[in-house]
>>> print(open('input-v7.cif').read())   # mmCIF, C-alpha atoms
data_data
#
loop_
_atom_site.label_atom_id
_atom_site.label_comp_id
_atom_site.auth_asym_id
_atom_site.auth_seq_id
_atom_site.Cartn_x
_atom_site.Cartn_y
_atom_site.Cartn_z
CA MET A 1 -37.53 17.64 -9.98
CA SER A 2 -39.75 14.68 -9.21
CA HIS A 3 -38.54 11.90 -6.96
CA ALA A 4 -38.25 9.58 -9.94
CA GLU A 5 -36.01 12.08 -11.70
CA LEU A 6 -33.88 12.53 -8.60
CA GLN A 7 -33.61 8.79 -8.14
CA GLU A 8 -32.20 8.48 -11.65
CA LEU A 9 -29.22 10.51 -10.50
CA ALA A 10 -28.18 7.95 -7.87
CA PRO A 11 -26.08 5.69 -10.13
CA VAL A 12 -24.13 8.59 -11.60
CA TYR A 13 -23.68 10.10 -8.14
CA ALA A 14 -22.25 6.79 -6.90
CA LEU A 15 -19.79 6.91 -9.79
CA GLY A 16 -18.69 10.34 -8.64
CA ALA A 17 -19.65 11.83 -12.00
CA LEU A 18 -22.57 14.10 -11.13
CA ASP A 19 -21.82 17.78 -11.44
CA GLY A 20 -23.51 21.16 -11.65
CA ASP A 21 -27.16 21.52 -10.69
CA ASP A 22 -27.70 17.75 -10.72
CA LEU A 23 -25.09 17.32 -8.00
CA ALA A 24 -26.44 20.13 -5.83
CA ARG A 25 -30.02 18.87 -6.14
CA PHE A 26 -29.15 15.27 -5.47
CA GLN A 27 -27.00 16.06 -2.47
CA GLY A 28 -29.77 18.12 -0.99
CA HIS A 29 -32.25 15.33 -1.61
CA LEU A 30 -29.97 12.61 -0.27
CA ALA A 31 -29.95 14.16 3.19
CA GLU A 32 -33.65 13.50 3.52
CA CYS A 33 -34.29 10.34 1.47
CA GLU A 34 -33.39 6.95 2.87
CA ALA A 35 -34.46 5.17 -0.34
CA CYS A 36 -31.91 7.15 -2.35
CA ARG A 37 -29.23 6.61 0.29
CA ALA A 38 -29.86 2.88 -0.05
CA ASP A 39 -29.56 3.21 -3.84
CA VAL A 40 -26.26 5.01 -3.47
CA ARG A 41 -24.98 2.21 -1.22
CA ALA A 42 -25.97 -0.42 -3.77
CA TYR A 43 -24.48 1.50 -6.68
CA GLY A 44 -21.36 2.00 -4.58
CA ASP A 45 -20.97 -1.77 -4.57
CA ALA A 46 -21.46 -1.79 -8.33
CA ALA A 47 -18.57 0.68 -8.50
CA VAL A 48 -16.48 -1.78 -6.47
CA ALA A 49 -17.01 -4.23 -9.33
CA ILE A 50 -15.49 -1.70 -11.73
CA ALA A 51 -12.44 -1.60 -9.46
CA ARG A 52 -12.25 -5.38 -9.21
CA ALA A 53 -12.41 -5.75 -12.97
CA ALA A 54 -9.35 -3.52 -13.46
CA PRO A 55 -6.30 -5.28 -14.95
CA ALA A 56 -4.46 -7.00 -12.13
CA ALA A 57 -1.36 -5.38 -10.69
CA ALA A 58 0.35 -6.68 -7.58
CA PRO A 59 2.01 -4.38 -5.07
CA SER A 60 5.55 -5.33 -4.09
CA PRO A 61 5.93 -7.20 -0.81
CA GLU A 62 8.01 -4.26 0.34
CA LEU A 63 4.96 -2.00 0.31
CA ARG A 64 3.39 -4.04 3.10
CA VAL A 65 6.48 -3.41 5.20
CA ARG A 66 6.31 0.29 4.48
CA VAL A 67 2.62 0.59 5.35
CA LEU A 68 2.85 -1.36 8.58
CA ALA A 69 6.05 0.40 9.62
CA ALA A 70 4.43 3.76 8.92
CA VAL A 71 1.56 3.19 11.34
CA ARG A 72 3.68 1.74 14.12
CA PRO A 73 4.06 4.35 16.84
CA ARG A 74 7.59 5.49 17.44
CA ARG A 75 8.21 5.71 21.09
CA ARG A 76 10.82 8.15 22.18
CA PHE A 77 12.36 7.55 25.50
CA TRP A 78 14.06 10.65 26.67
CA MET A 79 16.11 8.64 29.06
CA PHE A 80 17.94 10.65 31.60
CA ALA A 81 16.55 13.86 30.15
CA ALA A 82 15.51 15.15 33.53
CA ALA A 83 18.76 14.01 35.09
CA ALA A 84 20.67 15.62 32.26
CA SER A 85 18.99 18.96 32.79
CA ILE A 86 19.92 18.83 36.46
CA LEU A 87 23.47 17.94 35.54
CA VAL A 88 23.59 20.87 33.13
CA GLY A 89 22.55 22.98 36.07
CA LEU A 90 25.47 21.54 37.97
CA GLY A 91 27.79 22.35 35.10
CA ILE A 92 28.36 18.78 34.02
CA PHE A 93 28.28 17.95 30.31
CA ALA A 94 24.81 16.79 29.43
CA ILE A 95 26.08 15.35 26.17
CA LEU A 96 26.95 12.18 28.04
CA TYR A 97 23.24 11.56 28.28
CA THR A 98 22.01 11.60 24.73
CA PRO A 99 18.37 10.72 24.36
CA LYS A 100 17.91 7.17 23.18
CA GLU A 101 15.21 5.91 20.87
CA LYS A 102 13.63 2.54 21.12
CA LEU A 103 11.38 0.55 18.83
CA GLU A 104 9.69 -2.76 19.45
CA LEU A 105 9.52 -5.11 16.49
CA ARG A 106 7.02 -7.86 16.09
CA GLY A 107 6.59 -10.96 13.96
CA ASP A 108 4.54 -14.13 13.98
CA SER A 109 6.38 -16.01 16.73
CA THR A 110 9.19 -13.57 17.15
CA SER A 111 9.77 -10.30 18.90
CA GLY A 112 12.65 -7.92 18.91
CA ARG A 113 13.79 -4.47 19.86
CA VAL A 114 16.08 -1.87 18.46
CA GLU A 115 17.57 0.88 20.60
CA TRP A 116 19.67 3.51 18.98
CA SER A 117 21.17 6.94 19.34
CA ASN A 118 23.81 8.90 17.46
CA GLY A 119 24.25 6.34 14.73
CA ARG A 120 24.85 3.41 17.06
CA GLY A 121 22.25 0.83 17.85
CA VAL A 122 21.64 -2.49 19.48
CA PHE A 123 19.28 -5.03 17.99
CA THR A 124 17.95 -7.80 20.20
CA ALA A 125 15.43 -10.49 19.30
CA SER A 126 14.26 -13.88 20.43
CA GLY A 127 12.29 -16.72 18.92
CA LEU A 128 14.02 -16.49 15.55
CA PRO A 129 13.70 -19.72 13.57
CA GLY A 130 16.95 -21.38 12.49
CA LEU A 131 17.93 -20.76 8.88
CA PRO A 132 19.15 -23.10 6.17
CA GLU A 133 22.70 -22.91 4.88
CA GLY A 134 23.38 -19.77 2.84
CA LYS A 135 20.63 -17.68 4.47
CA VAL A 136 21.03 -14.90 7.01
CA TYR A 137 18.82 -12.45 8.81
CA ASP A 138 19.20 -8.88 7.65
CA LEU A 139 18.27 -5.71 9.54
CA TRP A 140 16.92 -2.83 7.43
CA VAL A 141 16.42 0.77 8.41
CA ILE A 142 13.18 2.31 7.14
CA VAL A 143 13.81 5.86 5.92
CA ASP A 144 11.24 7.89 3.97
CA GLY A 145 9.00 4.87 3.91
CA LYS A 146 11.60 2.68 2.21
CA PRO A 147 13.93 -0.01 3.51
CA ARG A 148 17.52 1.16 3.32
CA CYS A 149 20.93 -0.07 4.09
CA GLY A 150 20.67 -3.81 4.28
CA GLY A 151 23.72 -5.92 4.71
CA ARG A 152 23.63 -6.04 8.49
CA HIS A 153 23.74 -9.80 8.64
CA PHE A 154 23.36 -11.77 11.74
CA THR A 155 22.75 -15.33 12.76
CA PRO A 156 20.92 -16.14 15.98
CA ASP A 157 22.29 -18.53 18.58
CA ALA A 158 20.97 -22.05 19.05
CA ASN A 159 18.02 -20.71 21.10
CA GLY A 160 16.98 -18.32 18.35
CA SER A 161 18.21 -15.27 20.25
CA ILE A 162 20.38 -12.47 19.01
CA ARG A 163 22.02 -9.41 20.44
CA SER A 164 23.95 -7.42 17.92
CA ASP A 165 25.50 -3.95 17.80
CA PHE A 166 25.27 -2.00 14.58
CA GLU A 167 26.08 1.39 13.17
CA MET A 168 24.16 3.63 10.80
CA ASP A 169 24.32 7.12 9.40
CA PRO A 170 23.29 9.30 12.37
CA SER A 171 21.69 11.89 10.06
CA MET A 172 19.08 9.42 8.77
CA ASN A 173 15.53 10.15 9.77
CA VAL A 174 14.73 6.67 11.05
CA GLU A 175 11.09 5.68 10.73
CA GLY A 176 11.44 2.06 11.64
CA PHE A 177 13.32 -1.16 11.26
CA ALA A 178 12.55 -4.44 9.57
CA VAL A 179 14.17 -7.85 9.52
CA THR A 180 14.09 -10.12 6.50
CA VAL A 181 15.67 -13.39 5.50
CA GLU A 182 18.24 -12.85 2.77
CA SER A 183 20.77 -14.87 0.91
CA SER A 184 24.18 -14.47 2.53
CA THR A 185 25.61 -13.71 -0.90
CA GLY A 186 22.93 -11.23 -2.02
CA ASP A 187 23.66 -7.58 -2.73
CA HIS A 188 21.23 -6.37 -0.02
CA ARG A 189 20.19 -3.28 -1.85
CA GLU A 190 16.55 -4.35 -1.93
CA PRO A 191 14.91 -6.64 0.58
CA THR A 192 13.73 -9.84 -1.03
CA MET A 193 11.69 -11.26 1.86
CA PRO A 194 10.34 -13.06 3.71
CA LEU A 195 9.73 -10.46 6.33
CA VAL A 196 10.32 -11.72 9.84
CA LEU A 197 10.03 -8.66 12.05
CA TYR A 198 8.84 -5.15 11.48
CA MET B 1 -15.93 -23.37 8.01
CA PRO B 2 -14.50 -20.71 10.31
CA THR B 3 -16.36 -17.43 10.24
CA ARG B 4 -14.39 -14.81 8.43
CA ILE B 5 -14.37 -11.44 10.13
CA SER B 6 -16.16 -8.88 7.96
CA ASP B 7 -14.35 -5.99 6.29
CA GLU B 8 -16.49 -3.64 8.37
CA ASP B 9 -15.41 -5.31 11.62
CA LEU B 10 -11.81 -5.04 10.52
CA LEU B 11 -12.27 -1.29 10.13
CA ARG B 12 -13.74 -1.12 13.62
CA ARG B 13 -10.73 -2.97 15.00
CA ILE B 14 -8.40 -0.66 13.09
CA ALA B 15 -10.18 2.30 14.65
CA GLY B 16 -9.33 0.64 17.98
CA ARG B 17 -5.63 0.71 16.98
CA ASP B 18 -5.31 -2.97 16.12
CA GLU B 19 -2.29 -3.28 13.83
CA SER B 20 -3.03 -6.89 12.94
CA ALA B 21 -6.44 -5.80 11.64
CA LEU B 22 -4.75 -3.30 9.35
CA ALA B 23 -2.42 -6.04 8.13
CA GLU B 24 -5.44 -8.26 7.41
CA LEU B 25 -7.31 -5.48 5.64
CA TYR B 26 -4.21 -4.71 3.60
CA ASP B 27 -3.89 -8.35 2.61
CA ARG B 28 -7.51 -8.41 1.48
CA PHE B 29 -7.49 -5.17 -0.49
CA SER B 30 -3.95 -4.39 -1.57
CA ALA B 31 -4.19 -6.29 -4.86
CA VAL B 32 -7.41 -4.65 -6.01
CA SER B 33 -6.18 -1.30 -4.68
CA MET B 34 -3.00 -1.67 -6.69
CA ALA B 35 -5.04 -2.61 -9.77
CA VAL B 36 -7.12 0.56 -9.46
CA ALA B 37 -4.17 2.84 -8.71
CA SER B 38 -2.12 1.33 -11.55
CA LYS B 39 -4.98 1.67 -14.00
CA VAL B 40 -5.46 5.33 -13.05
CA LEU B 41 -1.79 6.25 -12.81
CA GLY B 42 -0.19 3.86 -15.29
CA ASP B 43 2.93 3.71 -13.13
CA PRO B 44 3.56 1.05 -10.50
CA ALA B 45 5.90 3.19 -8.35
CA GLU B 46 3.39 6.03 -8.16
CA ALA B 47 0.61 3.54 -7.54
CA GLU B 48 2.53 2.17 -4.55
CA ASP B 49 3.05 5.67 -3.17
CA VAL B 50 -0.69 6.26 -3.38
CA LEU B 51 -1.41 2.94 -1.69
CA GLN B 52 0.92 3.74 1.16
CA GLN B 53 -0.72 7.12 1.61
CA VAL B 54 -4.21 5.60 1.50
CA TYR B 55 -3.55 2.74 3.92
CA VAL B 56 -1.90 5.06 6.43
CA LYS B 57 -4.95 7.31 6.05
CA ILE B 58 -7.23 4.32 6.63
CA TRP B 59 -5.31 3.69 9.85
CA GLU B 60 -5.96 7.27 10.90
CA ASP B 61 -9.51 7.62 9.63
CA ALA B 62 -11.05 4.17 10.19
CA GLY B 63 -13.19 5.64 12.98
CA ARG B 64 -14.89 7.86 10.42
CA PHE B 65 -16.13 4.97 8.31
CA ASP B 66 -19.92 5.05 8.31
CA PRO B 67 -21.50 1.74 7.25
CA ALA B 68 -24.79 3.55 6.62
CA ARG B 69 -23.18 5.23 3.60
CA GLY B 70 -21.77 2.14 1.94
CA SER B 71 -19.67 -0.97 2.33
CA ALA B 72 -16.10 -1.06 3.61
CA ALA B 73 -14.93 -2.18 0.16
CA ALA B 74 -16.61 0.81 -1.45
CA TRP B 75 -15.07 3.16 1.13
CA ILE B 76 -11.56 1.77 0.74
CA LEU B 77 -11.59 1.58 -3.05
CA THR B 78 -13.15 5.03 -3.39
CA SER B 79 -10.27 6.36 -1.29
CA VAL B 80 -7.76 4.62 -3.56
CA ARG B 81 -9.50 5.86 -6.68
CA ASN B 82 -9.81 9.44 -5.44
CA ALA B 83 -6.22 9.59 -4.19
CA SER B 84 -5.00 8.18 -7.51
CA ILE B 85 -7.01 10.69 -9.52
CA ASP B 86 -5.77 13.54 -7.30
CA ARG B 87 -2.25 12.38 -8.02
CA VAL B 88 -2.86 12.33 -11.76
CA ARG B 89 -4.33 15.81 -11.64
CA ARG B 90 -1.38 17.12 -9.74
CA ARG B 91 1.00 15.36 -12.07
CA GLU B 92 -0.49 16.31 -15.36
CA ALA B 93 -2.28 19.36 -16.58
CA PHE B 94 -3.50 17.43 -19.57
CA ARG B 95 -5.68 14.38 -19.70
CA ARG B 96 -4.05 11.05 -19.93
CA ALA B 97 -5.01 8.45 -22.46
CA ALA B 98 -5.36 5.86 -19.72
CA MET B 99 -8.05 4.00 -21.59
CA ALA B 100 -5.54 3.22 -24.31
CA ALA B 101 -3.09 1.65 -21.85
CA PRO B 102 -2.63 -2.05 -22.53
CA PRO B 103 -3.96 -4.30 -19.80
CA ARG B 104 -1.28 -5.70 -17.52
CA ASP B 105 -2.33 -9.32 -17.29
CA PRO B 106 -1.81 -12.09 -16.36
CA ASP B 107 -3.25 -11.93 -12.89
CA PRO B 108 -1.08 -12.69 -9.92
CA PRO B 109 -2.69 -15.25 -7.62
CA SER B 110 -5.04 -13.83 -5.00
CA PRO B 111 -7.29 -16.72 -4.06
CA ASP B 112 -9.97 -14.86 -2.13
CA LEU B 113 -10.49 -12.28 -4.79
CA ASP B 114 -10.29 -14.44 -7.87
CA GLU B 115 -13.93 -15.41 -7.82
CA GLU B 116 -15.11 -11.88 -7.13
CA ARG B 117 -12.82 -10.52 -9.80
CA ALA B 118 -14.04 -13.00 -12.38
CA ARG B 119 -17.61 -12.08 -11.56
CA ALA B 120 -16.88 -8.38 -11.74
CA ARG B 121 -15.11 -8.77 -15.03
CA ARG B 122 -17.97 -10.74 -16.55
CA ALA B 123 -20.40 -8.04 -15.43
CA ILE B 124 -18.27 -5.26 -16.93
CA GLU B 125 -17.65 -7.12 -20.14
CA ALA B 126 -21.35 -7.78 -20.58
CA LEU B 127 -22.05 -4.05 -20.79
CA PRO B 128 -22.60 -2.42 -24.17
CA PRO B 129 -19.29 -0.74 -25.13
CA ASP B 130 -20.65 2.82 -25.00
CA GLN B 131 -21.98 2.32 -21.47
CA ARG B 132 -18.78 0.70 -20.31
CA GLN B 133 -16.70 3.48 -21.83
CA ALA B 134 -18.66 6.24 -20.09
CA ILE B 135 -18.48 4.42 -16.75
CA GLU B 136 -14.75 3.78 -17.03
CA LEU B 137 -14.06 7.38 -17.95
CA ALA B 138 -15.88 8.42 -14.79
CA TYR B 139 -14.27 5.83 -12.55
CA PHE B 140 -10.69 5.69 -13.73
CA GLU B 141 -10.21 9.19 -15.08
CA GLY B 142 -12.43 10.97 -12.60
CA LEU B 143 -14.34 12.82 -15.28
CA SER B 144 -17.74 14.30 -14.52
CA GLN B 145 -20.77 13.72 -16.73
CA THR B 146 -20.23 17.07 -18.45
CA GLU B 147 -16.56 16.33 -19.08
CA ILE B 148 -17.37 12.90 -20.47
CA ALA B 149 -19.94 14.40 -22.84
CA ALA B 150 -17.30 16.87 -24.05
CA ARG B 151 -14.67 14.17 -24.38
CA LEU B 152 -16.94 11.90 -26.39
CA GLY B 153 -18.65 14.66 -28.32
CA GLN B 154 -22.03 13.34 -27.23
CA PRO B 155 -25.03 15.18 -25.78
CA LEU B 156 -25.00 15.33 -21.97
CA GLY B 157 -28.34 13.55 -21.77
CA THR B 158 -26.99 10.63 -23.79
CA VAL B 159 -23.97 10.27 -21.52
CA LYS B 160 -26.10 10.41 -18.37
CA THR B 161 -28.37 7.72 -19.75
CA ARG B 162 -25.45 5.49 -20.69
CA MET B 163 -23.92 5.72 -17.25
CA ARG B 164 -27.24 5.18 -15.53
CA LEU B 165 -28.14 2.14 -17.60
CA GLY B 166 -24.66 0.68 -17.25
CA MET B 167 -24.66 1.09 -13.48
CA MET B 168 -28.13 -0.43 -13.23
CA LYS B 169 -26.95 -3.46 -15.20
CA LEU B 170 -23.88 -3.83 -13.02
CA ARG B 171 -25.98 -3.62 -9.90
CA GLU B 172 -28.34 -6.22 -11.30
CA ALA B 173 -25.52 -8.55 -12.40
CA LEU B 174 -23.95 -8.45 -8.95
CA ARG B 175 -27.11 -8.97 -7.02
#
>>> encode(input="input-v7.cif", output="structure tokens")
Amino acid sequence: MSHAELQELAPVYALGALDGDDLARFQGHLAECEACRADVRAYGDAAVAIARAAPAAAPSPELRVRVLAAVRPRRRFWMFAAAASILVGLGIFAILYTPKEKLELRGDSTSGRVEWSNGRGVFTASGLPGLPEGKVYDLWVIVDGKPRCGGRHFTPDANGSIRSDFEMDPSMNVEGFAVTVESSTGDHREPTMPLVLY
Amino acid sequence: MPTRISDEDLLRRIAGRDESALAELYDRFSAVSMAVASKVLGDPAEAEDVLQQVYVKIWEDAGRFDPARGSAAAWILTSVRNASIDRVRRREAFRRAAMAAPPRDPDPPSPDLDEERARARRAIEALPPDQRQAIELAYFEGLSQTEIAARLGQPLGTVKTRMRLGMMKLREALR
């Protein structure tokens, strides 16, 4: 195949539609031809235009919560684990020292923390803006990438701080927490936003 | 006018574990990603699953992005497209009639992208229908040149020419 013939394959390669001998030849050629690599880059941007011209579809605001919660590292603090093992050695019930999990939450001007173990948790936050009448903050548990179990309302004090105990199903595989602003009369099955902490 | 950080720099920051950079990248690309995934999958819930998978993967793989091979936009949207097509293939043993799906307009507002989208749409709409059809079959259904020829009942050479000419026109229109 001449270079001109190979170069003609670049646009179809960038579309991901080359196959068979054409694909094998072009891939082999690409490794050693900067001009064709440049063509593939340019046609790759043409392919971006195909994407951009697709009929619009907006992801739900909830998806943003899921994505950002999914990449946030979960830090496990095996508090007292060493002590517990010693106590087991001494014949004292280690169950008193259940490992606790902790997650830091962040927002624009706000920060918070959830600590939980065995279905009981404590949520603390500061810097929460005051809310208009009829609105409350709501704490959601992220399970399987989805916000679950809203309805844990709370209202911060005059300084924007909160410390609140809550309970949840201990069998849930908790991936994260998120705080939204909800109507105090809403059904709290789906978060409506805005998202304050995650 | 404040300098806007490039998509490529955002990927570099993501590779350095900067969560706010991922949030920014998501805000820039989630609408177009959703448009691609919805077009391929025809189902918003599945499209969102794919997006979640892809953006978490971007978080993990941002360090592998190689600007020498193409732009950040191309890298991200190719990931969305490929993951969507993989999902379709797993979901269905038969080919979907995605091209027949009615467009889901009107557009939601996305100020930064509106101009680019309008430009892209003009470029696509300016293509002769047979070129556009071949290109969209490749992009949104993930068909190879041979599969497109079979689907359309056209000689392979004809299909290759249509795709090549169409892509050249797109490239020219976006220059």
>>> atom_distance(input="input-v7.cif", atom1="CA of Tyr26 (chain B)", atom2="CA of Thr124 (chain A)")
27.9 Å
>>> interface_residues(input="input-v7.cif", of="chain B", to="chain A", cutoff="8 Å", atoms="all atoms listed in the file", output="PyMOL selection string")
chain B and resi 19+22-23+26+30-36+38-39+44+48+52+55-56+59+68-71+73-74+77+103-108+116-118+120-121+123-124+135-136+138-139+142-146+160+163-164+167-168+170-171+174
>>> atom_distance(input="input-v7.cif", atom1="CA of Pro155 (chain B)", atom2="CA of Asp21 (chain A)")
16.5 Å
>>> atom_distance(input="input-v7.cif", atom1="CA of Val40 (chain B)", atom2="CA of Phe140 (chain B)")
5.3 Å
>>> resolve_selection(input="input-v7.cif", expression="the PyMOL selection byres ((chain B and resi 17) around 10)", output="MDAnalysis selection string")
(chainID A and resid 71:72) or (chainID B and resid 11:16 18:22 59:60 62:63)
>>> resolve_selection(input="input-v7.cif", expression="the PyMOL selection byres ((chain A and resi 140) around 7)", output="list in words")
Asp138, Leu139, Val141, Ile142, Pro147, Arg148, Cys149, Gly150, Phe177, Ala178 and Val179 of chain A
>>> write_last_selection(input="input-v7.cif", atoms="C-alpha atoms", output="PDB file, in the frame of the given file")
ATOM      1  CA  ASP A 138      19.200  -8.880   7.650  1.00  0.00           C
ATOM      2  CA  LEU A 139      18.270  -5.710   9.540  1.00  0.00           C
ATOM      3  CA  VAL A 141      16.420   0.770   8.410  1.00  0.00           C
ATOM      4  CA  ILE A 142      13.180   2.310   7.140  1.00  0.00           C
ATOM      5  CA  PRO A 147      13.930  -0.010   3.510  1.00  0.00           C
ATOM      6  CA  ARG A 148      17.520   1.160   3.320  1.00  0.00           C
ATOM      7  CA  CYS A 149      20.930  -0.070   4.090  1.00  0.00           C
ATOM      8  CA  GLY A 150      20.670  -3.810   4.280  1.00  0.00           C
ATOM      9  CA  PHE A 177      13.320  -1.160  11.260  1.00  0.00           C
ATOM     10  CA  ALA A 178      12.550  -4.440   9.570  1.00  0.00           C
ATOM     11  CA  VAL A 179      14.170  -7.850   9.520  1.00  0.00           C
TER      12      VAL A 179
END
>>> axis_aligned_box(input="input-v7.cif", around="region 1-15 of chain B", padding_each_side="3 Å", output="lines of an AutoDock Vina configuration file")
center_x = -12.4
center_y = -10.5
center_z = 10.6
size_x = 14.1
size_y = 31.7
size_z = 14.7
>>> resolve_selection(input="input-v7.cif", expression="the PyMOL selection byres ((chain A and resi 166) around 12)", output="number ranges by chain")
A: 114-124, 138-141, 149-154, 163-165, 167-170
>>> residues_around(input="input-v7.cif", residues="region 158-162 of chain A", least_positions_apart="6", cutoff="10 Å", atoms="only C-alpha atoms", output="NGL selection string")
:A and (110-112 or 123-131)
>>> build_atoms(input="input-v7.cif", residues="region 141-156 of chain B", atoms="N, CA, C and O atoms", output="tab-separated table (two decimals), keeping the file's coordinate frame")
chain	number	residue	atom	x	y	z
B	141	GLU	N	-10.80	7.89	-14.75
B	141	GLU	CA	-10.21	9.19	-15.08
B	141	GLU	C	-10.83	10.31	-14.26
B	141	GLU	O	-10.40	11.46	-14.35
B	142	GLY	N	-11.84	9.96	-13.49
B	142	GLY	CA	-12.43	10.97	-12.60
B	142	GLY	C	-13.15	12.08	-13.34
B	142	GLY	O	-13.27	13.19	-12.83
B	143	LEU	N	-13.64	11.78	-14.53
B	143	LEU	CA	-14.34	12.82	-15.28
B	143	LEU	C	-15.80	12.91	-14.82
B	143	LEU	O	-16.42	11.92	-14.49
B	144	SER	N	-16.33	14.11	-14.84
B	144	SER	CA	-17.74	14.30	-14.52
B	144	SER	C	-18.57	14.05	-15.77
B	144	SER	O	-18.04	13.95	-16.88
B	145	GLN	N	-19.88	13.98	-15.58
B	145	GLN	CA	-20.77	13.72	-16.73
B	145	GLN	C	-20.59	14.76	-17.84
B	145	GLN	O	-20.59	14.40	-19.03
B	146	THR	N	-20.41	16.01	-17.45
B	146	THR	CA	-20.23	17.07	-18.45
B	146	THR	C	-18.91	16.89	-19.21
B	146	THR	O	-18.84	17.06	-20.43
B	147	GLU	N	-17.88	16.54	-18.45
B	147	GLU	CA	-16.56	16.33	-19.08
B	147	GLU	C	-16.56	15.12	-20.02
B	147	GLU	O	-15.92	15.13	-21.07
B	148	ILE	N	-17.30	14.09	-19.61
B	148	ILE	CA	-17.37	12.90	-20.47
B	148	ILE	C	-18.10	13.23	-21.76
B	148	ILE	O	-17.68	12.84	-22.86
B	149	ALA	N	-19.19	14.00	-21.64
B	149	ALA	CA	-19.94	14.40	-22.84
B	149	ALA	C	-19.02	15.18	-23.79
B	149	ALA	O	-19.02	14.95	-25.01
B	150	ALA	N	-18.21	16.08	-23.22
B	150	ALA	CA	-17.30	16.87	-24.05
B	150	ALA	C	-16.24	15.97	-24.68
B	150	ALA	O	-15.93	16.09	-25.87
B	151	ARG	N	-15.72	15.06	-23.88
B	151	ARG	CA	-14.67	14.17	-24.38
B	151	ARG	C	-15.18	13.32	-25.54
B	151	ARG	O	-14.49	13.10	-26.52
B	152	LEU	N	-16.41	12.81	-25.38
B	152	LEU	CA	-16.94	11.90	-26.39
B	152	LEU	C	-17.66	12.63	-27.51
B	152	LEU	O	-18.05	12.01	-28.50
B	153	GLY	N	-17.89	13.93	-27.33
B	153	GLY	CA	-18.65	14.66	-28.32
B	153	GLY	C	-20.08	14.19	-28.42
B	153	GLY	O	-20.66	14.14	-29.51
B	154	GLN	N	-20.65	13.83	-27.28
B	154	GLN	CA	-22.03	13.34	-27.23
B	154	GLN	C	-22.86	14.31	-26.39
B	154	GLN	O	-22.32	14.97	-25.50
B	155	PRO	N	-24.18	14.35	-26.64
B	155	PRO	CA	-25.03	15.18	-25.78
B	155	PRO	C	-24.97	14.71	-24.32
B	155	PRO	O	-24.85	13.51	-24.07
B	156	LEU	N	-25.05	15.66	-23.40
B	156	LEU	CA	-25.00	15.33	-21.97
B	156	LEU	C	-26.04	14.29	-21.59
B	156	LEU	O	-25.76	13.34	-20.86
